[in-house]
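Here's run-v7.cif, which has mmCIF, C-alpha atoms:
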```
data_upload
#
loop_
_atom_site.label_atom_id
_atom_site.label_comp_id
_atom_site.auth_asym_id
_atom_site.auth_seq_id
_atom_site.Cartn_x
_atom_site.Cartn_y
_atom_site.Cartn_z
CA MET A 298 13.16 21.05 36.24
CA LEU A 299 12.13 19.02 39.29
CA LEU A 300 8.47 19.74 38.61
CA LYS A 301 8.84 18.49 35.05
CA TYR A 302 10.33 15.20 36.19
CA LEU A 303 7.66 14.83 38.88
CA GLY A 304 5.03 15.46 36.25
CA LEU A 305 6.64 12.81 34.01
CA ILE A 306 6.65 10.30 36.87
CA GLY A 307 3.02 11.12 37.66
CA LEU A 308 2.05 10.67 34.04
CA PHE A 309 3.83 7.32 33.91
CA LEU A 310 2.09 6.13 37.09
CA GLY A 311 -1.27 7.27 35.75
CA VAL A 312 -0.79 5.44 32.48
CA PHE A 313 0.40 2.37 34.37
CA GLY A 314 -2.64 2.44 36.64
CA VAL A 315 -5.09 2.76 33.77
CA SER A 316 -3.28 0.04 31.83
CA TYR A 317 -3.32 -2.29 34.83
CA HIS A 318 -7.03 -1.70 35.39
CA TYR A 319 -7.92 -2.35 31.74
CA ASN A 320 -5.08 -4.75 31.03
CA LYS A 321 -7.23 -7.52 29.55
CA ARG A 322 -9.02 -5.22 27.11
CA PHE A 323 -5.78 -3.51 26.22
CA LEU A 324 -3.95 -6.79 25.63
CA ASP A 325 -6.82 -8.12 23.49
CA TRP A 326 -6.83 -4.91 21.43
CA LEU A 327 -3.03 -4.97 21.13
CA ARG A 328 -3.08 -8.62 20.05
CA PHE A 329 -5.72 -7.86 17.41
CA GLN A 330 -3.79 -4.87 16.09
CA SER A 331 -0.41 -6.56 16.06
CA LEU A 332 -1.32 -10.02 14.78
CA GLY A 333 -3.92 -8.68 12.36
CA THR A 334 -1.51 -6.19 10.82
CA ARG A 335 1.29 -8.74 10.78
CA ASP A 336 -0.84 -11.41 9.10
CA TYR A 337 -2.13 -8.90 6.54
CA ILE A 338 1.40 -7.85 5.59
CA VAL A 339 2.64 -11.45 5.45
CA GLU A 340 -0.31 -12.42 3.23
CA LYS A 341 0.21 -9.50 0.82
CA LEU A 342 3.95 -10.13 0.60
CA GLY A 343 3.26 -13.81 -0.05
CA LEU A 344 1.03 -12.87 -2.99
CA MET A 345 4.04 -10.99 -4.40
CA PHE A 346 6.35 -14.01 -3.86
CA ILE A 347 8.21 -12.20 -1.06
CA GLU A 348 8.80 -14.56 1.83
CA ILE A 349 9.57 -12.86 5.15
CA PRO A 350 9.04 -14.64 8.51
CA SER A 351 6.03 -13.32 10.41
CA GLN A 352 8.11 -12.85 13.56
CA ARG A 353 10.46 -10.53 11.69
CA ILE A 354 7.50 -8.53 10.40
CA LEU A 355 6.19 -8.10 13.96
CA ILE A 356 9.60 -6.98 15.22
CA GLY A 357 9.79 -4.46 12.39
CA LEU A 358 6.35 -3.09 13.25
CA PHE A 359 7.26 -2.58 16.90
CA THR A 360 10.58 -0.99 15.91
CA LEU A 361 8.93 1.48 13.53
CA SER A 362 6.16 2.39 15.97
CA PHE A 363 7.23 2.19 19.59
CA GLY A 364 10.94 2.41 18.85
CA MET A 365 10.70 5.55 16.71
CA GLY A 366 8.07 7.05 19.01
CA THR A 367 10.36 6.58 22.01
CA LEU A 368 13.29 8.19 20.18
CA VAL A 369 11.17 11.21 19.25
CA PHE A 370 9.95 11.53 22.84
CA LEU A 371 13.49 11.31 24.23
CA ALA A 372 14.72 13.89 21.70
CA PHE A 373 12.45 16.56 23.21
CA LEU A 374 13.23 15.83 26.88
CA PRO A 375 13.00 17.50 29.36
CA ASP A 376 10.12 19.23 27.55
CA LEU A 377 7.04 17.02 27.78
CA PHE A 378 5.30 19.10 25.16
CA PRO A 379 5.63 18.54 22.23
CA GLY A 380 7.54 15.36 23.10
CA ILE A 381 4.51 13.33 24.18
CA PRO A 382 2.12 14.22 21.29
CA LEU A 383 4.87 13.95 18.66
CA GLY A 384 6.06 10.65 20.13
CA LEU A 385 2.52 9.25 20.09
CA ALA A 386 1.96 10.54 16.55
CA THR A 387 5.21 8.95 15.39
CA ALA A 388 4.25 5.63 17.01
CA VAL A 389 0.84 5.63 15.31
CA VAL A 390 2.29 6.57 11.93
CA GLY A 391 5.03 3.96 12.27
CA TRP A 392 2.44 1.30 13.05
CA LYS A 393 0.02 2.25 10.27
CA ALA A 394 2.52 3.13 7.53
CA PRO A 395 3.62 -0.41 6.48
CA LYS A 396 0.12 -1.46 5.35
CA PRO A 397 -0.30 1.36 2.79
CA VAL A 398 3.25 0.74 1.57
CA VAL A 399 2.54 -2.96 1.06
CA ASP A 400 -0.78 -2.13 -0.62
CA TRP A 401 1.05 0.25 -2.97
CA MET A 402 3.57 -2.47 -3.83
CA TYR A 403 0.74 -4.93 -4.50
CA ARG A 404 -1.17 -2.47 -6.71
CA ARG A 405 1.99 -1.72 -8.69
CA ARG A 406 2.51 -5.46 -9.24
CA VAL A 407 -1.11 -5.89 -10.35
CA ASN A 408 -0.79 -2.97 -12.78
CA ARG A 409 2.41 -4.40 -14.22
CA PHE A 410 0.71 -7.78 -14.63
CA VAL A 411 -2.23 -6.21 -16.47
CA MET A 412 0.13 -4.26 -18.73
CA GLN A 413 1.96 -7.50 -19.56
CA MET A 414 -1.30 -9.29 -20.32
CA VAL A 415 -1.55 -7.46 -23.67
CA ASP A 416 1.63 -9.09 -25.00
CA ALA A 417 1.03 -12.35 -23.13
CA LEU A 418 -2.46 -12.93 -24.51
CA SER A 419 -1.30 -12.00 -28.01
CA LEU A 420 1.47 -14.58 -27.67
CA MET A 421 -0.98 -17.18 -26.33
CA SER A 422 -3.40 -16.46 -29.17
CA ASN A 423 -0.65 -17.04 -31.73
CA GLY A 424 0.33 -20.24 -29.93
CA LEU A 425 -3.23 -21.55 -29.99
CA LYS A 426 -3.54 -20.73 -33.69
CA SER A 427 -0.38 -22.76 -34.35
CA GLY A 428 -1.83 -25.80 -32.58
CA LEU A 429 -0.53 -25.49 -29.02
CA SER A 430 -2.69 -26.16 -25.97
CA VAL A 431 -3.52 -23.55 -23.35
CA ALA A 432 -0.88 -24.94 -20.96
CA GLN A 433 1.75 -25.02 -23.70
CA SER A 434 0.91 -21.44 -24.70
CA MET A 435 1.27 -20.37 -21.07
CA GLY A 436 4.63 -22.12 -20.91
CA LEU A 437 5.71 -20.12 -23.94
CA VAL A 438 4.69 -16.89 -22.19
CA ALA A 439 6.54 -17.93 -19.01
CA GLN A 440 9.72 -18.50 -21.05
CA GLU A 441 9.59 -15.26 -23.02
CA MET A 442 8.24 -12.67 -20.59
CA PRO A 443 9.63 -11.25 -17.31
CA ASN A 444 8.08 -11.08 -13.84
CA PRO A 445 5.44 -10.80 -12.49
CA ILE A 446 3.58 -12.66 -15.26
CA GLN A 447 6.38 -15.23 -15.47
CA GLN A 448 6.03 -16.06 -11.76
CA GLU A 449 2.25 -16.27 -11.90
CA PHE A 450 2.08 -18.41 -15.04
CA ASN A 451 4.84 -20.71 -13.76
CA LEU A 452 2.85 -21.18 -10.55
CA VAL A 453 -0.30 -22.02 -12.55
CA LEU A 454 1.63 -24.56 -14.62
CA SER A 455 3.27 -26.04 -11.51
CA GLN A 456 -0.09 -26.46 -9.81
CA ASN A 457 -1.46 -28.12 -12.95
CA LYS A 458 1.47 -30.55 -13.05
CA LEU A 459 0.79 -31.49 -9.42
CA GLY A 460 -2.76 -32.53 -10.26
CA VAL A 461 -4.72 -29.30 -9.83
CA SER A 462 -7.10 -28.73 -12.70
CA LEU A 463 -6.34 -25.81 -14.99
CA GLU A 464 -9.68 -24.20 -14.06
CA GLU A 465 -8.83 -24.27 -10.34
CA ALA A 466 -5.32 -22.95 -11.00
CA PHE A 467 -6.78 -20.07 -13.04
CA THR A 468 -9.27 -19.32 -10.25
CA ALA A 469 -6.37 -19.15 -7.78
CA LEU A 470 -4.65 -16.73 -10.17
CA SER A 471 -7.66 -14.41 -10.12
CA ILE A 472 -7.55 -14.50 -6.30
CA ARG A 473 -3.86 -13.57 -6.20
CA ILE A 474 -4.19 -10.82 -8.83
CA LYS A 475 -7.22 -8.67 -8.03
CA ALA A 476 -8.02 -7.01 -11.36
CA ASP A 477 -11.07 -6.93 -13.64
CA ASP A 478 -8.99 -7.84 -16.68
CA VAL A 479 -7.59 -10.93 -14.97
CA GLU A 480 -11.10 -11.92 -13.86
CA MET A 481 -12.31 -11.54 -17.44
CA PHE A 482 -9.42 -13.65 -18.74
CA VAL A 483 -9.93 -16.43 -16.17
CA THR A 484 -13.71 -16.53 -16.65
CA SER A 485 -13.35 -16.69 -20.43
CA VAL A 486 -10.86 -19.55 -20.30
CA ASN A 487 -12.88 -21.57 -17.77
CA ILE A 488 -16.16 -21.14 -19.65
CA LEU A 489 -14.74 -21.89 -23.10
CA LYS A 490 -12.89 -24.96 -21.85
CA GLU A 491 -16.21 -26.37 -20.62
CA THR A 492 -18.50 -25.27 -23.44
CA GLY A 493 -16.04 -25.16 -26.32
CA GLY A 494 -15.14 -22.17 -28.43
CA ASN A 495 -12.33 -20.30 -30.11
CA LEU A 496 -9.94 -19.27 -27.37
CA ALA A 497 -7.63 -17.48 -29.80
CA GLU A 498 -10.38 -15.08 -30.91
CA THR A 499 -11.41 -14.59 -27.29
CA PHE A 500 -7.86 -13.65 -26.33
CA ASP A 501 -7.70 -11.17 -29.22
CA THR A 502 -10.96 -9.60 -27.99
CA ILE A 503 -9.61 -9.36 -24.42
CA VAL A 504 -6.42 -7.74 -25.73
CA SER A 505 -8.46 -5.13 -27.63
CA THR A 506 -10.55 -4.44 -24.51
CA ILE A 507 -7.47 -4.00 -22.30
CA ARG A 508 -5.83 -1.69 -24.83
CA GLU A 509 -8.90 0.53 -25.06
CA ARG A 510 -9.22 0.68 -21.28
CA LEU A 511 -5.55 1.61 -20.92
CA LYS A 512 -6.02 4.40 -23.47
CA VAL A 513 -8.93 5.79 -21.43
CA GLU A 514 -6.96 5.50 -18.18
CA ASN A 515 -3.92 7.26 -19.65
CA LYS A 516 -6.14 10.07 -20.94
CA ILE A 517 -7.77 10.47 -17.55
CA ASN A 518 -4.36 10.46 -15.82
CA ALA A 519 -3.17 13.19 -18.16
CA LEU A 520 -6.25 15.31 -17.41
CA THR A 521 -6.13 14.81 -13.64
CA SER A 522 -2.36 15.23 -13.26
CA GLN A 523 -2.83 19.01 -13.43
CA GLY A 524 -5.11 18.89 -10.38
CA ILE A 525 -2.58 16.75 -8.49
CA TYR A 526 0.28 19.17 -9.20
CA GLN A 527 -1.87 22.16 -8.28
CA GLY A 528 -2.81 20.50 -5.00
CA ALA A 529 0.84 19.69 -4.26
CA PHE A 530 1.81 23.30 -4.97
CA VAL A 531 -0.90 24.66 -2.67
CA MET A 532 0.14 22.24 0.10
CA ALA A 533 3.78 23.33 -0.26
CA ILE A 534 2.95 27.02 0.27
CA PRO A 535 2.69 27.00 4.12
CA PRO A 536 6.04 25.26 4.81
CA LEU A 537 7.78 27.36 2.12
CA LEU A 538 6.42 30.60 3.58
CA GLY A 539 7.45 29.42 7.04
CA ALA A 540 11.00 28.73 5.80
CA VAL A 541 11.17 32.18 4.15
CA PHE A 542 9.93 33.95 7.29
CA TYR A 543 12.37 31.97 9.45
CA GLN A 544 15.28 33.03 7.24
CA THR A 545 14.28 36.69 7.15
CA ASP A 546 13.21 37.10 10.78
CA PRO A 547 14.20 34.15 13.04
CA GLU A 548 13.15 35.91 16.26
CA PHE A 549 9.64 36.43 14.90
CA MET A 550 9.27 32.71 14.07
CA LYS A 551 11.06 31.40 17.17
CA PRO A 552 7.91 31.23 19.42
CA LEU A 553 6.34 28.87 16.87
CA PHE A 554 8.90 26.22 17.83
CA THR A 555 9.57 27.08 21.47
CA THR A 556 6.08 27.48 22.98
CA TRP A 557 3.26 25.01 23.40
CA MET A 558 0.87 27.29 21.52
CA GLY A 559 3.27 27.36 18.58
CA TRP A 560 3.41 23.55 18.49
CA VAL A 561 -0.39 23.38 18.64
CA ILE A 562 -0.51 25.67 15.60
CA ILE A 563 2.02 23.45 13.78
CA MET A 564 -0.02 20.32 14.53
CA VAL A 565 -3.22 22.01 13.33
CA ILE A 566 -1.45 23.01 10.12
CA LEU A 567 -0.18 19.46 9.58
CA GLY A 568 -3.67 18.09 10.20
CA LEU A 569 -5.24 20.48 7.72
CA GLU A 570 -2.53 19.64 5.18
CA ALA A 571 -3.29 15.92 5.57
CA ILE A 572 -7.05 16.51 5.19
CA GLY A 573 -6.44 18.65 2.11
CA PHE A 574 -4.26 15.92 0.57
CA VAL A 575 -6.93 13.26 1.13
CA VAL A 576 -9.67 15.49 -0.31
CA ILE A 577 -7.62 16.36 -3.39
CA MET A 578 -6.80 12.70 -4.06
CA LYS A 579 -10.49 11.79 -3.70
CA ILE A 580 -11.45 14.48 -6.21
CA VAL A 581 -8.88 13.64 -8.88
CA LYS A 582 -9.12 9.84 -8.56
CA ILE A 583 -11.47 8.44 -11.21
CA GLU A 584 -12.19 4.72 -11.44
CA VAL A 585 -12.42 3.26 -14.94
#
```
Here is a file; write its structure as structure tokens.
Amino acid sequence: MLLKYLGLIGLFLGVFGVSYHYNKRFLDWLRFQSLGTRDYIVEKLGLMFIEIPSQRILIGLFTLSFGMGTLVFLAFLPDLFPGIPLGLATAVVGWKAPKPVVDWMYRRRVNRFVMQMVDALSLMSNGLKSGLSVAQSMGLVAQEMPNPIQQEFNLVLSQNKLGVSLEEAFTALSIRIKADDVEMFVTSVNILKETGGNLAETFDTIVSTIRERLKVENKINALTSQGIYQGAFVMAIPPLLGAVFYQTDPEFMKPLFTTWMGWVIIMVILGLEAIGFVVIMKIVKIEV
């Protein structure tokens, strides 16, 4: 027991010495990682009309990474292995996890916006045919349809009322909503407002294009869903077999969780599972 604590103290002193020697580089790297990740999350949340103070985001990042990593490390004391590697892995995952989650939320919002564009452009086309202007047609959409298209169109109309030209407001919309269909809609409106043309027919054409693309995407999703489920089933086999073996013969499986070699095997398995998941998602993901 004494040797373990001495080893822990030695490890701490070694890390402290290395950190002190390379403190400037480490602090610069830490500042880049923390502020860069924080600013990225704040920017993405702002695009989704979610206002959270940047200081609170940074506190949350440190809590998820270093806080959770420390708890995992303390849970395995006095055993340094697997406490140290699992603690470090938890800290890294806690630091990196918020960005993919925010990206997933943003992509879901963009997909919902594109899905709503079918009804919104149809409504705008009917409004233009009845004699309304583009801004008035957008106001009609903002009144009748839910978020996120209501928020985005209201922001475009608010910017236009404050003196921003409709073309610039539409360009800002295409920056907030990164989608080919939105880019096509914004480009069509800006060009036809300058050169003249039938916006109602253009909107009908865009609606037809979006509908056909959605049909193709849904067909592809139906065909690739089988591969996703097969991959999930294959990935579930190792932990399920481990649970079965542990129930039938606990003494046989006990060294897997009580020795350092067993934990190395578990970490290798988890790494291979993660690589397999990434490879499967790369194979079944088809861009339209």
### Message
Suppose a student applies the PyMOL selection byres ((chain A and resi 492-500) around 8) to this structure; what residues should they get, written as a PyMOL selection string?
### Response
chain A and resi 418-419+421-423+425-426+482+485-486+488-491+501-504
Residues of stretch 469-565 of chain A at most 12 Å from stretch 373-386 of chain A: nearest atom pair and distance in Å, all atoms listed in the file, as a tab-separated table:
```
residue	atom	partner	partner_atom	distance
A:Leu553	CA	A:Pro379	CA	11.7
A:Phe554	CA	A:Pro379	CA	9.4
A:Thr555	CA	A:Pro379	CA	9.4
A:Thr556	CA	A:Phe378	CA	8.7
A:Trp557	CA	A:Phe378	CA	6.5
A:Met558	CA	A:Pro379	CA	10.0
A:Gly559	CA	A:Pro379	CA	9.8
A:Trp560	CA	A:Pro379	CA	6.6
A:Val561	CA	A:Pro379	CA	8.5
A:Ile562	CA	A:Pro379	CA	11.5
A:Ile563	CA	A:Pro379	CA	10.4
A:Met564	CA	A:Leu383	CA	9.0
```
### Summary
atom CA of A:Ile577 to atom CA of A:Val565 measures 18.2 Å
Would you kindly translate the PyMOL selection byres ((chain A and resi 459-469) around 10) into the concrete residues it picks from this file, as a short mmCIF file (atom, residue, chain, number, x, y, z; two decimals) with C-alpha atoms, in the coordinates of the input?
```
data_model
loop_
_atom_site.label_atom_id
_atom_site.label_comp_id
_atom_site.auth_asym_id
_atom_site.auth_seq_id
_atom_site.Cartn_x
_atom_site.Cartn_y
_atom_site.Cartn_z
CA VAL A 431 -3.52 -23.55 -23.35
CA ALA A 432 -0.88 -24.94 -20.96
CA GLU A 449 2.25 -16.27 -11.90
CA PHE A 450 2.08 -18.41 -15.04
CA LEU A 452 2.85 -21.18 -10.55
CA VAL A 453 -0.30 -22.02 -12.55
CA LEU A 454 1.63 -24.56 -14.62
CA SER A 455 3.27 -26.04 -11.51
CA GLN A 456 -0.09 -26.46 -9.81
CA ASN A 457 -1.46 -28.12 -12.95
CA LYS A 458 1.47 -30.55 -13.05
CA LEU A 470 -4.65 -16.73 -10.17
CA SER A 471 -7.66 -14.41 -10.12
CA ILE A 472 -7.55 -14.50 -6.30
CA ARG A 473 -3.86 -13.57 -6.20
CA ILE A 474 -4.19 -10.82 -8.83
CA VAL A 479 -7.59 -10.93 -14.97
CA GLU A 480 -11.10 -11.92 -13.86
CA PHE A 482 -9.42 -13.65 -18.74
CA VAL A 483 -9.93 -16.43 -16.17
CA THR A 484 -13.71 -16.53 -16.65
CA VAL A 486 -10.86 -19.55 -20.30
CA ASN A 487 -12.88 -21.57 -17.77
CA ILE A 488 -16.16 -21.14 -19.65
CA LYS A 490 -12.89 -24.96 -21.85
CA GLU A 491 -16.21 -26.37 -20.62
#
```
### Query
Smallest atom-to-atom distance to A:Leu342: which of A:Lys516, A:Arg508, A:Lys475, A:Lys396, using only C-alpha atoms?
A:Lys396
### Task
Would you kindly translate the PyMOL selection byres ((chain A and resi 335) around 8) into the concrete residues it picks from this file, as a list in words?
Ser331, Leu332, Gly333, Thr334, Asp336, Tyr337, Ile338, Val339, Ser351, Ile354, Leu355 and Leu358 of chain A
### Query
When you draw a straight line from atom CA of A:Ala388 to atom CA of A:Leu567, how long is it in Å?
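Computing it gives 16.3 Å between the two atoms.
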#### Entry: A:Leu538, A:Met481, A:Ile347, A:Ala476 ranked by distance to A:Phe410, top pick (using all atoms listed in the file)
A:Ala476
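Proximity ranking of A:Lys341, A:Lys393, A:Val415, A:Arg409 relative to A:Glu509 places A:Val415 first, based on only C-alpha atoms.
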### Å distance separating atom CA of A:Leu511 from atom CA of A:Gln413, one decimal place
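About the pair atom CA of A:Leu511 and atom CA of A:Gln413: they are 11.9 Å apart.
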### Test item: residues at most 9 Å from A:Met365, all atoms listed in the file, excluding those fewer than 3 positions along its chain, as a list in words
Phe359, Thr360, Leu361, Ser362, Leu368, Val369, Phe370, Gly384, Thr387, Ala388 and Gly391 of chain A
#### Entry: Counting all atoms listed in the file, the residue of A:Tyr403, A:Gly528, A:Asn518, A:Asn408 that sits nearest A:Asp478
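The closest residue to A:Asp478 is A:Asn408.
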### Summary
In terms of only C-alpha atoms, the residue from A:Trp392, A:Thr545, A:Met532, A:Glu340 at minimal distance from A:Gly568 is A:Met532
Stretch 357-381 of chain A written out with N, CA and C atoms as a PDB file, in the first residue's frame:
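Here's the written file decode-v5.pdb:
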```
ATOM      1  N   GLY A 357     -18.790  24.320 -17.751  1.00  0.00           N
ATOM      2  CA  GLY A 357     -19.353  23.012 -18.068  1.00  0.00           C
ATOM      3  C   GLY A 357     -18.339  22.086 -18.720  1.00  0.00           C
ATOM      4  N   LEU A 358     -17.501  22.637 -19.606  1.00  0.00           N
ATOM      5  CA  LEU A 358     -16.472  21.826 -20.248  1.00  0.00           C
ATOM      6  C   LEU A 358     -15.480  21.278 -19.226  1.00  0.00           C
ATOM      7  N   PHE A 359     -15.022  22.126 -18.316  1.00  0.00           N
ATOM      8  CA  PHE A 359     -14.074  21.667 -17.307  1.00  0.00           C
ATOM      9  C   PHE A 359     -14.726  20.663 -16.356  1.00  0.00           C
ATOM     10  N   THR A 360     -16.009  20.845 -16.060  1.00  0.00           N
ATOM     11  CA  THR A 360     -16.702  19.903 -15.185  1.00  0.00           C
ATOM     12  C   THR A 360     -16.821  18.535 -15.841  1.00  0.00           C
ATOM     13  N   LEU A 361     -17.200  18.521 -17.131  1.00  0.00           N
ATOM     14  CA  LEU A 361     -17.359  17.249 -17.833  1.00  0.00           C
ATOM     15  C   LEU A 361     -16.029  16.535 -18.044  1.00  0.00           C
ATOM     16  N   SER A 362     -14.962  17.292 -18.232  1.00  0.00           N
ATOM     17  CA  SER A 362     -13.673  16.659 -18.536  1.00  0.00           C
ATOM     18  C   SER A 362     -12.875  16.382 -17.264  1.00  0.00           C
ATOM     19  N   PHE A 363     -12.321  17.407 -16.672  1.00  0.00           N
ATOM     20  CA  PHE A 363     -11.457  17.203 -15.517  1.00  0.00           C
ATOM     21  C   PHE A 363     -12.238  16.735 -14.293  1.00  0.00           C
ATOM     22  N   GLY A 364     -13.462  17.242 -14.128  1.00  0.00           N
ATOM     23  CA  GLY A 364     -14.258  16.818 -12.984  1.00  0.00           C
ATOM     24  C   GLY A 364     -14.608  15.338 -13.047  1.00  0.00           C
ATOM     25  N   MET A 365     -15.146  14.891 -14.190  1.00  0.00           N
ATOM     26  CA  MET A 365     -15.507  13.483 -14.339  1.00  0.00           C
ATOM     27  C   MET A 365     -14.272  12.591 -14.347  1.00  0.00           C
ATOM     28  N   GLY A 366     -13.193  13.070 -14.983  1.00  0.00           N
ATOM     29  CA  GLY A 366     -11.959  12.287 -14.988  1.00  0.00           C
ATOM     30  C   GLY A 366     -11.409  12.078 -13.589  1.00  0.00           C
ATOM     31  N   THR A 367     -11.471  13.118 -12.763  1.00  0.00           N
ATOM     32  CA  THR A 367     -11.001  13.003 -11.383  1.00  0.00           C
ATOM     33  C   THR A 367     -11.860  12.027 -10.588  1.00  0.00           C
ATOM     34  N   LEU A 368     -13.170  12.071 -10.783  1.00  0.00           N
ATOM     35  CA  LEU A 368     -14.060  11.145 -10.075  1.00  0.00           C
ATOM     36  C   LEU A 368     -13.778   9.693 -10.462  1.00  0.00           C
ATOM     37  N   VAL A 369     -13.544   9.459 -11.751  1.00  0.00           N
ATOM     38  CA  VAL A 369     -13.229   8.099 -12.197  1.00  0.00           C
ATOM     39  C   VAL A 369     -11.901   7.639 -11.595  1.00  0.00           C
ATOM     40  N   PHE A 370     -10.918   8.539 -11.584  1.00  0.00           N
ATOM     41  CA  PHE A 370      -9.618   8.177 -11.004  1.00  0.00           C
ATOM     42  C   PHE A 370      -9.751   7.859  -9.518  1.00  0.00           C
ATOM     43  N   LEU A 371     -10.500   8.686  -8.785  1.00  0.00           N
ATOM     44  CA  LEU A 371     -10.667   8.448  -7.350  1.00  0.00           C
ATOM     45  C   LEU A 371     -11.461   7.173  -7.076  1.00  0.00           C
ATOM     46  N   ALA A 372     -12.350   6.799  -8.000  1.00  0.00           N
ATOM     47  CA  ALA A 372     -13.164   5.598  -7.787  1.00  0.00           C
ATOM     48  C   ALA A 372     -12.322   4.326  -7.802  1.00  0.00           C
ATOM     49  N   PHE A 373     -11.171   4.353  -8.474  1.00  0.00           N
ATOM     50  CA  PHE A 373     -10.338   3.149  -8.579  1.00  0.00           C
ATOM     51  C   PHE A 373      -9.187   3.155  -7.577  1.00  0.00           C
ATOM     52  N   LEU A 374      -9.031   4.225  -6.773  1.00  0.00           N
ATOM     53  CA  LEU A 374      -7.963   4.230  -5.780  1.00  0.00           C
ATOM     54  C   LEU A 374      -8.186   3.125  -4.760  1.00  0.00           C
ATOM     55  N   PRO A 375      -7.127   2.496  -4.236  1.00  0.00           N
ATOM     56  CA  PRO A 375      -5.699   2.826  -4.406  1.00  0.00           C
ATOM     57  C   PRO A 375      -5.048   2.219  -5.646  1.00  0.00           C
ATOM     58  N   ASP A 376      -5.822   1.581  -6.525  1.00  0.00           N
ATOM     59  CA  ASP A 376      -5.238   0.993  -7.722  1.00  0.00           C
ATOM     60  C   ASP A 376      -5.003   2.089  -8.766  1.00  0.00           C
ATOM     61  N   LEU A 377      -3.722   2.284  -9.123  1.00  0.00           N
ATOM     62  CA  LEU A 377      -3.416   3.295 -10.129  1.00  0.00           C
ATOM     63  C   LEU A 377      -3.806   2.845 -11.527  1.00  0.00           C
ATOM     64  N   PHE A 378      -3.814   1.546 -11.727  1.00  0.00           N
ATOM     65  CA  PHE A 378      -4.249   0.999 -13.009  1.00  0.00           C
ATOM     66  C   PHE A 378      -5.477   0.131 -12.762  1.00  0.00           C
ATOM     67  N   PRO A 379      -6.619   0.382 -13.355  1.00  0.00           N
ATOM     68  CA  PRO A 379      -6.821   1.248 -14.533  1.00  0.00           C
ATOM     69  C   PRO A 379      -7.290   2.656 -14.204  1.00  0.00           C
ATOM     70  N   GLY A 380      -7.080   3.147 -12.979  1.00  0.00           N
ATOM     71  CA  GLY A 380      -7.584   4.461 -12.615  1.00  0.00           C
ATOM     72  C   GLY A 380      -7.052   5.578 -13.476  1.00  0.00           C
ATOM     73  N   ILE A 381      -5.713   5.567 -13.700  1.00  0.00           N
ATOM     74  CA  ILE A 381      -5.108   6.659 -14.472  1.00  0.00           C
ATOM     75  C   ILE A 381      -5.566   6.644 -15.930  1.00  0.00           C
TER      76      ILE A 381
END
```
